[in-house]
Amino acid sequence: MSMKRIMKAFGLFVFFVGGLAAQTRLASTEPASVSAIAIPPASGDVYAGADRCRSCHKAEFTQYSKTKHATLDLHAKESVTGCEMCHGGGKAHADAEEAAHGDEAKETAAAKLIFSFQGNPKKNSERCMQCHQSSRDQKEFGRSTHLQHGVGCNECHATHLVVANTAAAKLRIPQEDFFSVPQVAEENRWLHNSLLKKQQPELCFSCHGNIRAAFALPVHHKVPEGLMKCTDCHETHGNSNRATLRQSGWETCTQCHAEKRGPFVFEHSAVKVEGCTACHTPHGSVNRMLLARREERFLCLSCHVNPFGINVPHSRLSFQERGDCTRCHSVIHGSNFDPNFLH
Ligand code: HEC
Ligand code: HEC
Ligand code: HEC
Ligand code: HEC
Ligand code: HEC
Ligand code: HEC
Ligand code: HEC
Ligand code: HEC
Ligand code: HEC
Ligand code: HEC
């Protein structure tokens, strides 16, 4: 255990003891994002070591070396480290590539001797989940909608971001020149942005075209402008909430719109039971206030088919012809004073 980790564990302990004094804060204690788990080496002489990989895969080695994965505090004898902790033993591949002496057919055959994340998304993700299963964020991934639809970790994350040098690739020159490191700005973004292949929302839009369209509508949460992220509302790694929203119930929305949370003496059960999306479209809309209907009255009348109670001034005021119901029912999310949300 490194000193850093011991300090982290100690910090958690202090926090825990503090938590006993202030019970309410305990719930916010989160487990460490991920711990470095030793991967027991396979038997036999199957490993080549990262230095050999470097001799042919310079770009990948350079990029990998900049990430936190390269600094994992594991001891070679107890655990596989470096390239092979993800790609598995690479000695057979390295030997065969060397023996190929540039022969294209032999090289291609040799490439099949190493795990290269090109097949089954579940198998790909399992490589990462050897270690990434201790955190709240990734432990649900095995059951996530994304994985069930064939989207594995490496669709969103690049553990060594390299760019294909297509012109050179056509000329069929040695492997080390196929790929090169990306522009400095892009590389900095990647290293400080959870190793994501692209930044949000472009990453998400590349598959979710219909969501891009929703955010292009005139009224929208400011995600395309970069003031908010998809992951402010969604947990991309999966959880059991509807649409993998970050929080259960409508807490996802009320963490920012706190004044809508209540509790109110008089709750509008549309808000409490059906929830925010009974009346609002979360991504984007042509309607003001992200309302689900252009004319607010019709939104209300879709549930309140007949608000003509004997004491209600509605018909006299010919309310149904024009105007918004919230002219009078002005605190529509709930009230502490009036059962009809008039004030
Ligand atoms: C002697 C040079 C050489 C060494 C050493 C070497 N490789 Fe390769 N590797 C290649 C070549 C060449 C290719 C591309 C083959 C092709 O598809 O044409 C390749 C392809 C790959 C691929 C992609 C496979 C695919 O199906 O596209 C991975 C992953 C890989 N190497 C990982 C490694 C790792 C990890 C190591 C160290 C354990 C390593 N290589 C050592 C030459 C080498
Ligand atoms: C943390 C896991 C991880 C480590 C460590 C790792 N790789 Fe990879 N590697 C991947 C994944 C995932 C892919 C698939 C690329 C993708 O889906 O974008 C890949 C793809 C590759 C490829 C195929 C071509 C490419 O670049 O996309 C090569 C070659 C390769 N890795 C070499 C290496 C070498 C050499 C090292 C060590 C310096 C290394 N990898 C370390 C996860 C890893
Ligand atoms: C041997 C265990 C191990 C494997 C295998 C592994 N990781 Fe990690 N990963 C870690 C640890 C430990 C950290 C945290 C490092 C730290 O914070 O010091 C980490 C950090 C990360 C980070 C955050 C990096 C950052 O800069 O914030 C991402 C993203 C990540 N891993 C993705 C992946 C993906 C994708 C794979 C599979 C292709 C993978 N990891 C495979 C152990 C592993
Ligand atoms: C659909 C895209 C997507 C997939 C699939 C995905 N991630 Fe992520 N991951 C993200 C995004 C986006 C973030 C950044 C979240 C943020 O900034 O709020 C992230 C953050 C992370 C982090 C850093 C934050 C943390 O939890 O410590 C790690 C580590 C990580 N992912 C690992 C993984 C692993 C391992 C897998 C597969 C088991 C995976 N991810 C699958 C999109 C994805
Ligand atoms: C490689 C393609 C791909 C990428 C990248 C991607 N997704 Fe997805 N996502 C899918 C697929 C496929 C589904 C399942 C079918 C559907 O609902 O469209 C899905 C489903 C979802 C769902 C619905 C989950 C549910 O349980 O109903 C949400 C929310 C989501 N993605 C958010 C995101 C966010 C946020 C990002 C960016 C961080 C992202 N996705 C990136 C492919 C992708
Ligand atoms: C303000 C919070 C919020 C933001 C930001 C947000 N979403 Fe959503 N998203 C929701 C809610 C709420 C639902 C559930 C809608 C429902 O069930 O009626 C949802 C549903 C989804 C779904 C599944 C249903 C569908 O409409 O296809 C996908 C996929 C999705 N969001 C992707 C994204 C992507 C991609 C981004 C970023 C570009 C994003 N969301 C940003 C709140 C948000
Ligand atoms: C990360 C904070 C955040 C979250 C989470 C969030 N919102 Fe918002 N919301 C904002 C901000 C900031 C604005 C106002 C600025 C703007 O126009 O984007 C806003 C505006 C709105 C508006 C008014 C739009 C207008 O035209 O004035 C509605 C309605 C709304 N949000 C509903 C929701 C719902 C429903 C959810 C949950 C699905 C949600 N919000 C989640 C930050 C958030
Ligand atoms: C019964 C329908 C309904 C439900 C359910 C509902 N809203 Fe609203 N909301 C409205 C109407 C109508 C307006 C416009 C009020 C006006 O015109 O003054 C509005 C306006 C807003 C606004 C912008 C104006 C303001 O008051 O700040 C935000 C933000 C908002 N709602 C958030 C939410 C959140 C968060 C939820 C879920 C907790 C929610 N709404 C549930 C009907 C609803
Ligand atoms: C998704 C359905 C739904 C929508 C949309 C909706 N409501 Fe309601 N509303 C209800 C329910 C359910 C009750 C509780 C009725 C009860 O307890 O008998 C309620 C209660 C009320 C009450 C309190 C009086 C009563 O009958 O208890 C008023 C006033 C009201 N709604 C006004 C509105 C207005 C104005 C709108 C449009 C901005 C609106 N509602 C939209 C479902 C809805
Ligand atoms: C001019 C003001 C005004 C407008 C506009 C208005 N209301 Fe009302 N509404 C009232 C008042 C005042 C009461 C309560 C009377 C009482 O004290 O019992 C009421 C009561 C209600 C009630 C509870 C009684 C019942 O009949 O169930 C509902 C539901 C309701 N309104 C829905 C609506 C809807 C839907 C609209 C828009 C189509 C609307 N109101 C527009 C003033 C108005």
# chains A, B, ... in the order shown; residues from 1 in each chain; ligands from 1

$ residues_near_ligand --ligand "ligand 7" --cutoff "10 Å" --atoms "only C-alpha atoms and all ligand atoms" --output "ChimeraX atom specification"
/A:218-223,225,227-234,245-247,250-258,260,275-292

$ residues_around --residues "A:Thr326" --least-positions-apart "2" --cutoff "10 Å" --atoms "only C-alpha atoms" --output "VMD selection string"
chain A and resid 296 to 297 300 323 to 324 328 to 332 341 to 342

$ atom_distance --atom1 "atom CA of A:Gly238" --atom2 "atom 28 (C, counted along the ligand's line) of ligand 1"
28.9 Å

$ atom_distance --atom1 "atom 36 (C, counted along the ligand's line) of ligand 8" --atom2 "atom CA of A:Ser335"
13.7 Å

$ select_by_dssp --residues "stretch 127-224 of chain A" --states "helix (DSSP H, G or I)" --output "MDAnalysis selection string"
chainID A and resid 127:129 141:143 145:148 153:156 166:171 175:177 184:191 202:205 209:215

$ residues_around --residues "A:Ser116" --least-positions-apart "5" --cutoff "9 Å" --atoms "only C-alpha atoms" --output "NGL selection string"
:A and (86-87 or 111 or 124)

$ write_last_selection --atoms "all heavy atoms" --output "PDB file, in the first residue's frame"
ATOM      1  N   CYS A  86      -4.009  -4.958 -19.608  1.00  0.00           N
ATOM      2  CA  CYS A  86      -5.237  -4.893 -20.395  1.00  0.00           C
ATOM      3  C   CYS A  86      -5.195  -5.839 -21.589  1.00  0.00           C
ATOM      4  O   CYS A  86      -6.186  -6.469 -21.939  1.00  0.00           O
ATOM      5  CB  CYS A  86      -5.462  -3.472 -20.909  1.00  0.00           C
ATOM      6  SG  CYS A  86      -5.887  -2.298 -19.612  1.00  0.00           S
ATOM      7  N   HIS A  87      -4.053  -5.910 -22.251  1.00  0.00           N
ATOM      8  CA  HIS A  87      -3.970  -6.703 -23.475  1.00  0.00           C
ATOM      9  C   HIS A  87      -3.654  -8.167 -23.217  1.00  0.00           C
ATOM     10  O   HIS A  87      -3.710  -8.976 -24.144  1.00  0.00           O
ATOM     11  CB  HIS A  87      -2.918  -6.107 -24.416  1.00  0.00           C
ATOM     12  CG  HIS A  87      -3.355  -4.819 -25.042  1.00  0.00           C
ATOM     13  ND1 HIS A  87      -4.311  -4.777 -26.033  1.00  0.00           N
ATOM     14  CD2 HIS A  87      -3.007  -3.543 -24.797  1.00  0.00           C
ATOM     15  CE1 HIS A  87      -4.514  -3.509 -26.382  1.00  0.00           C
ATOM     16  NE2 HIS A  87      -3.753  -2.735 -25.645  1.00  0.00           N
ATOM     17  N   ALA A 111      -0.886 -10.468 -35.420  1.00  0.00           N
ATOM     18  CA  ALA A 111      -1.747  -9.515 -34.708  1.00  0.00           C
ATOM     19  C   ALA A 111      -2.900 -10.229 -34.011  1.00  0.00           C
ATOM     20  O   ALA A 111      -3.462  -9.725 -33.035  1.00  0.00           O
ATOM     21  CB  ALA A 111      -2.282  -8.467 -35.665  1.00  0.00           C
ATOM     22  N   ASN A 124     -14.544  -6.988 -23.614  1.00  0.00           N
ATOM     23  CA  ASN A 124     -13.685  -5.801 -23.549  1.00  0.00           C
ATOM     24  C   ASN A 124     -13.817  -5.128 -22.192  1.00  0.00           C
ATOM     25  O   ASN A 124     -12.823  -4.778 -21.561  1.00  0.00           O
ATOM     26  CB  ASN A 124     -14.076  -4.781 -24.623  1.00  0.00           C
ATOM     27  CG  ASN A 124     -13.813  -5.283 -26.031  1.00  0.00           C
ATOM     28  OD1 ASN A 124     -13.095  -6.259 -26.216  1.00  0.00           O
ATOM     29  ND2 ASN A 124     -14.395  -4.614 -27.013  1.00  0.00           N
TER      30      ASN A 124
END

$ residues_around --residues "stretch 79-81 of chain A" --least-positions-apart "6" --cutoff "9 Å" --atoms "only C-alpha atoms" --output "list in words"
Ile37, Ala38, Ile39, Pro40, Pro41, Ala42, Tyr47, Gly49, Ala50, His69, Ala70, Leu72, Gly88 and Gly89 of chain A

$ residues_near_ligand --ligand "ligand 3" --cutoff "7 Å" --atoms "only C-alpha atoms and all ligand atoms" --output "ChimeraX atom specification"
/A:34-39,67-69,72,81,85-86,125,127-132,153-154,157-159,191-196

$ residues_around --residues "A:Leu147" --least-positions-apart "5" --cutoff "8 Å" --atoms "only C-alpha atoms" --output "VMD selection string"
chain A and resid 121 to 122 141 to 142 152

$ write_last_selection --atoms "N, CA, C and O atoms" --output "PDB file, in the first residue's frame"
ATOM      1  N   PRO A 121     -18.155  -6.569 -26.734  1.00  0.00           N
ATOM      2  CA  PRO A 121     -18.073  -5.438 -25.800  1.00  0.00           C
ATOM      3  C   PRO A 121     -18.036  -5.875 -24.332  1.00  0.00           C
ATOM      4  O   PRO A 121     -17.404  -5.215 -23.500  1.00  0.00           O
ATOM      5  N   LYS A 122     -18.708  -6.982 -24.028  1.00  0.00           N
ATOM      6  CA  LYS A 122     -18.734  -7.451 -22.643  1.00  0.00           C
ATOM      7  C   LYS A 122     -17.335  -7.912 -22.244  1.00  0.00           C
ATOM      8  O   LYS A 122     -16.837  -7.561 -21.192  1.00  0.00           O
ATOM      9  N   PHE A 141     -21.996  -1.138 -14.144  1.00  0.00           N
ATOM     10  CA  PHE A 141     -21.870  -1.134 -15.593  1.00  0.00           C
ATOM     11  C   PHE A 141     -22.294  -2.456 -16.232  1.00  0.00           C
ATOM     12  O   PHE A 141     -22.883  -2.466 -17.312  1.00  0.00           O
ATOM     13  N   GLY A 142     -22.013  -3.565 -15.561  1.00  0.00           N
ATOM     14  CA  GLY A 142     -22.361  -4.877 -16.104  1.00  0.00           C
ATOM     15  C   GLY A 142     -23.828  -5.002 -16.463  1.00  0.00           C
ATOM     16  O   GLY A 142     -24.185  -5.736 -17.389  1.00  0.00           O
ATOM     17  N   GLY A 152     -19.257  -0.752 -24.859  1.00  0.00           N
ATOM     18  CA  GLY A 152     -18.304  -1.071 -23.803  1.00  0.00           C
ATOM     19  C   GLY A 152     -17.499   0.156 -23.397  1.00  0.00           C
ATOM     20  O   GLY A 152     -17.598   1.218 -24.022  1.00  0.00           O
TER      21      GLY A 152
END

$ residues_near_ligand --ligand "ligand 5" --cutoff "8 Å" --atoms "only C-alpha atoms and all ligand atoms" --output "PyMOL selection string"
chain A and resi 144-146+148-152+155-156+200-208+229-231+234-236+238-245

$ write_last_selection --atoms "N, CA, C and O atoms" --output "short mmCIF file (atom, residue, chain, number, x, y, z; two decimals), in the first residue's frame"
data_model
loop_
_atom_site.label_atom_id
_atom_site.label_comp_id
_atom_site.auth_asym_id
_atom_site.auth_seq_id
_atom_site.Cartn_x
_atom_site.Cartn_y
_atom_site.Cartn_z
N SER A 144 -25.78 -2.26 -17.21
CA SER A 144 -26.22 -0.97 -17.76
C SER A 144 -26.85 -1.11 -19.14
O SER A 144 -26.57 -2.07 -19.88
N THR A 145 -27.69 -0.15 -19.49
CA THR A 145 -28.28 -0.11 -20.82
C THR A 145 -27.18 -0.03 -21.88
O THR A 145 -27.29 -0.64 -22.94
N HIS A 146 -26.17 0.74 -21.60
CA HIS A 146 -25.10 0.87 -22.57
C HIS A 146 -24.46 -0.48 -22.89
O HIS A 146 -24.38 -0.87 -24.05
N GLN A 148 -25.64 -3.43 -22.38
CA GLN A 148 -26.62 -4.32 -23.01
C GLN A 148 -26.81 -4.01 -24.49
O GLN A 148 -27.22 -4.87 -25.26
N HIS A 149 -26.53 -2.77 -24.88
CA HIS A 149 -26.64 -2.41 -26.29
C HIS A 149 -25.28 -2.38 -26.98
O HIS A 149 -25.10 -1.71 -27.99
N GLY A 150 -24.32 -3.07 -26.40
CA GLY A 150 -23.04 -3.23 -27.08
C GLY A 150 -22.09 -2.07 -26.96
O GLY A 150 -21.16 -1.93 -27.77
N VAL A 151 -22.31 -1.18 -25.98
CA VAL A 151 -21.39 -0.06 -25.79
C VAL A 151 -20.48 -0.35 -24.59
O VAL A 151 -20.90 -0.27 -23.45
N GLY A 152 -19.26 -0.75 -24.86
CA GLY A 152 -18.30 -1.07 -23.80
C GLY A 152 -17.50 0.16 -23.40
O GLY A 152 -17.60 1.22 -24.02
N GLU A 155 -15.68 2.37 -25.94
CA GLU A 155 -16.40 3.23 -26.89
C GLU A 155 -16.31 4.69 -26.45
O GLU A 155 -16.40 5.60 -27.26
N CYS A 156 -16.18 4.90 -25.16
CA CYS A 156 -16.16 6.28 -24.62
C CYS A 156 -14.77 6.69 -24.12
O CYS A 156 -14.43 7.85 -24.15
N GLN A 200 -17.85 15.89 -23.82
CA GLN A 200 -19.31 15.99 -23.87
C GLN A 200 -19.67 17.37 -24.43
O GLN A 200 -18.96 18.32 -24.20
N PRO A 201 -20.79 17.56 -25.12
CA PRO A 201 -21.73 16.50 -25.47
C PRO A 201 -21.40 15.79 -26.78
O PRO A 201 -22.10 14.85 -27.14
N GLU A 202 -20.31 16.19 -27.48
CA GLU A 202 -20.04 15.57 -28.79
C GLU A 202 -19.95 14.05 -28.68
O GLU A 202 -20.45 13.33 -29.53
N LEU A 203 -19.28 13.59 -27.62
CA LEU A 203 -19.16 12.14 -27.41
C LEU A 203 -20.53 11.48 -27.45
O LEU A 203 -20.73 10.48 -28.13
N CYS A 204 -21.47 12.04 -26.72
CA CYS A 204 -22.81 11.45 -26.60
C CYS A 204 -23.60 11.64 -27.90
O CYS A 204 -24.29 10.73 -28.36
N PHE A 205 -23.49 12.83 -28.48
CA PHE A 205 -24.21 13.11 -29.72
C PHE A 205 -23.78 12.17 -30.84
O PHE A 205 -24.55 11.89 -31.75
N SER A 206 -22.54 11.69 -30.81
CA SER A 206 -22.08 10.84 -31.91
C SER A 206 -22.95 9.59 -32.04
O SER A 206 -23.04 9.02 -33.12
N CYS A 207 -23.59 9.17 -30.98
CA CYS A 207 -24.53 8.04 -31.07
C CYS A 207 -25.98 8.49 -30.89
O CYS A 207 -26.88 7.91 -31.47
N HIS A 208 -26.21 9.52 -30.07
CA HIS A 208 -27.57 9.95 -29.77
C HIS A 208 -27.98 11.14 -30.63
O HIS A 208 -28.13 12.27 -30.12
N LYS A 229 -23.55 19.54 -18.45
CA LYS A 229 -23.15 18.30 -19.12
C LYS A 229 -24.29 17.29 -19.05
O LYS A 229 -25.10 17.33 -18.13
N CYS A 230 -24.30 16.36 -19.99
CA CYS A 230 -25.26 15.26 -19.93
C CYS A 230 -25.16 14.56 -18.58
O CYS A 230 -26.16 14.17 -17.99
N THR A 231 -23.94 14.43 -18.09
CA THR A 231 -23.73 13.68 -16.85
C THR A 231 -24.11 14.48 -15.60
O THR A 231 -24.00 13.95 -14.50
N HIS A 234 -27.42 12.48 -16.04
CA HIS A 234 -27.36 11.03 -16.26
C HIS A 234 -26.10 10.41 -15.68
O HIS A 234 -25.03 11.01 -15.70
N GLU A 235 -26.24 9.18 -15.23
CA GLU A 235 -25.10 8.38 -14.80
C GLU A 235 -24.78 7.44 -15.95
O GLU A 235 -25.45 6.43 -16.14
N THR A 236 -23.78 7.81 -16.75
CA THR A 236 -23.52 7.03 -17.98
C THR A 236 -23.11 5.59 -17.71
O THR A 236 -23.23 4.75 -18.57
N GLY A 238 -24.46 3.64 -15.67
CA GLY A 238 -25.61 2.81 -15.35
C GLY A 238 -25.98 2.82 -13.89
O GLY A 238 -25.12 2.89 -13.01
N ASN A 239 -27.28 2.79 -13.63
CA ASN A 239 -27.83 2.57 -12.30
C ASN A 239 -29.28 2.13 -12.50
O ASN A 239 -29.72 1.96 -13.63
N SER A 240 -30.01 1.96 -11.39
CA SER A 240 -31.35 1.40 -11.56
C SER A 240 -32.42 2.48 -11.68
O SER A 240 -33.61 2.18 -11.74
N ASN A 241 -32.05 3.75 -11.74
CA ASN A 241 -33.05 4.81 -11.90
C ASN A 241 -33.57 4.86 -13.34
O ASN A 241 -32.89 4.44 -14.26
N ARG A 242 -34.78 5.45 -13.51
CA ARG A 242 -35.29 5.59 -14.87
C ARG A 242 -34.32 6.44 -15.68
O ARG A 242 -33.73 7.39 -15.19
N ALA A 243 -34.14 6.04 -16.94
CA ALA A 243 -33.23 6.72 -17.86
C ALA A 243 -31.86 6.97 -17.23
O ALA A 243 -31.18 7.93 -17.55
N THR A 244 -31.47 6.09 -16.33
CA THR A 244 -30.21 6.23 -15.59
C THR A 244 -29.95 7.66 -15.12
O THR A 244 -28.85 8.21 -15.27
N LEU A 245 -31.00 8.29 -14.56
CA LEU A 245 -30.81 9.61 -13.97
C LEU A 245 -29.92 9.47 -12.73
O LEU A 245 -29.91 8.42 -12.08
#

$ atom_distance --atom1 "atom 15 (C, counted along the ligand's line) of ligand 6" --atom2 "atom CA of A:Arg136"
22.8 Å

$ closest_residue --among "A:Gly90, A:Gly82, A:Gly44, A:Pro224" --to "ligand 1" --atoms "only C-alpha atoms and all ligand atoms"
A:Gly90

$ residues_near_ligand --ligand "ligand 1" --cutoff "8 Å" --atoms "only C-alpha atoms and all ligand atoms" --output "PyMOL selection string"
chain A and resi 47-57+83-84+87-91+93-99+102+104-105+107-118+174-175

$ select_by_dssp --residues "stretch 69-272 of chain A" --states "strand (DSSP E or B)" --output "list in words"
His157, Val163, Ala164, Phe179, Ser180, Leu196, Val219, His220, His234, Leu245, Phe266 and Glu267 of chain A

$ closest_residue --among "A:Val184, A:Ala213, A:Ala92, A:Ala270" --to "A:Val162" --atoms "only C-alpha atoms"
A:Val184

$ residues_around --residues "A:Thr62" --least-positions-apart "4" --cutoff "8 Å" --atoms "only C-alpha atoms" --output "ChimeraX atom specification"
/A:58,66,181

$ closest_residue --among "A:His333, A:Lys272, A:Arg189, A:Arg212" --to "ligand 6" --atoms "only C-alpha atoms and all ligand atoms"
A:Arg212

$ decode --residues "stretch 325-339 of chain A" --atoms "N, CA, C and O atoms" --output "mmCIF file, in the first residue's frame"
data_model
loop_
_atom_site.group_PDB
_atom_site.id
_atom_site.type_symbol
_atom_site.label_atom_id
_atom_site.label_comp_id
_atom_site.auth_asym_id
_atom_site.auth_seq_id
_atom_site.Cartn_x
_atom_site.Cartn_y
_atom_site.Cartn_z
ATOM 1 N N CYS A 325 -53.456 29.201 -17.134
ATOM 2 C CA CYS A 325 -54.007 28.878 -15.827
ATOM 3 C C CYS A 325 -53.121 29.465 -14.729
ATOM 4 O O CYS A 325 -53.607 29.824 -13.659
ATOM 5 N N THR A 326 -51.801 29.569 -14.994
ATOM 6 C CA THR A 326 -50.876 30.062 -13.960
ATOM 7 C C THR A 326 -50.983 31.573 -13.726
ATOM 8 O O THR A 326 -50.316 32.096 -12.841
ATOM 9 N N ARG A 327 -51.833 32.257 -14.517
ATOM 10 C CA ARG A 327 -52.152 33.640 -14.155
ATOM 11 C C ARG A 327 -52.675 33.662 -12.724
ATOM 12 O O ARG A 327 -52.366 34.554 -11.939
ATOM 13 N N CYS A 328 -53.555 32.687 -12.417
ATOM 14 C CA CYS A 328 -54.126 32.615 -11.060
ATOM 15 C C CYS A 328 -53.428 31.548 -10.216
ATOM 16 O O CYS A 328 -53.068 31.791 -9.076
ATOM 17 N N HIS A 329 -53.240 30.393 -10.802
ATOM 18 C CA HIS A 329 -52.578 29.292 -10.059
ATOM 19 C C HIS A 329 -51.067 29.485 -10.203
ATOM 20 O O HIS A 329 -50.379 28.730 -10.884
ATOM 21 N N SER A 330 -50.568 30.520 -9.522
ATOM 22 C CA SER A 330 -49.220 30.992 -9.833
ATOM 23 C C SER A 330 -48.106 30.163 -9.194
ATOM 24 O O SER A 330 -46.969 30.224 -9.628
ATOM 25 N N VAL A 331 -48.400 29.395 -8.157
ATOM 26 C CA VAL A 331 -47.340 28.568 -7.560
ATOM 27 C C VAL A 331 -47.637 27.095 -7.850
ATOM 28 O O VAL A 331 -47.974 26.316 -6.964
ATOM 29 N N ILE A 332 -47.497 26.765 -9.106
ATOM 30 C CA ILE A 332 -47.996 25.501 -9.614
ATOM 31 C C ILE A 332 -47.215 24.284 -9.099
ATOM 32 O O ILE A 332 -47.693 23.151 -9.146
ATOM 33 N N HIS A 333 -46.008 24.529 -8.569
ATOM 34 C CA HIS A 333 -45.233 23.382 -8.076
ATOM 35 C C HIS A 333 -45.561 22.996 -6.640
ATOM 36 O O HIS A 333 -45.083 21.973 -6.150
ATOM 37 N N GLY A 334 -46.412 23.813 -5.962
ATOM 38 C CA GLY A 334 -46.780 23.510 -4.581
ATOM 39 C C GLY A 334 -46.857 24.790 -3.771
ATOM 40 O O GLY A 334 -46.204 25.776 -4.113
ATOM 41 N N SER A 335 -47.667 24.765 -2.729
ATOM 42 C CA SER A 335 -47.856 25.982 -1.937
ATOM 43 C C SER A 335 -47.903 25.651 -0.453
ATOM 44 O O SER A 335 -48.335 24.564 -0.055
ATOM 45 N N ASN A 336 -47.464 26.607 0.357
ATOM 46 C CA ASN A 336 -47.594 26.435 1.806
ATOM 47 C C ASN A 336 -48.833 27.133 2.347
ATOM 48 O O ASN A 336 -49.108 27.072 3.546
ATOM 49 N N PHE A 337 -49.570 27.827 1.469
ATOM 50 C CA PHE A 337 -50.686 28.641 1.952
ATOM 51 C C PHE A 337 -52.031 28.292 1.353
ATOM 52 O O PHE A 337 -53.060 28.462 1.990
ATOM 53 N N ASP A 338 -52.028 27.795 0.117
ATOM 54 C CA ASP A 338 -53.295 27.661 -0.579
ATOM 55 C C ASP A 338 -53.422 26.307 -1.274
ATOM 56 O O ASP A 338 -52.555 25.927 -2.061
ATOM 57 N N PRO A 339 -54.518 25.575 -0.987
ATOM 58 C CA PRO A 339 -54.688 24.246 -1.579
ATOM 59 C C PRO A 339 -54.880 24.295 -3.092
ATOM 60 O O PRO A 339 -54.740 23.271 -3.770
#
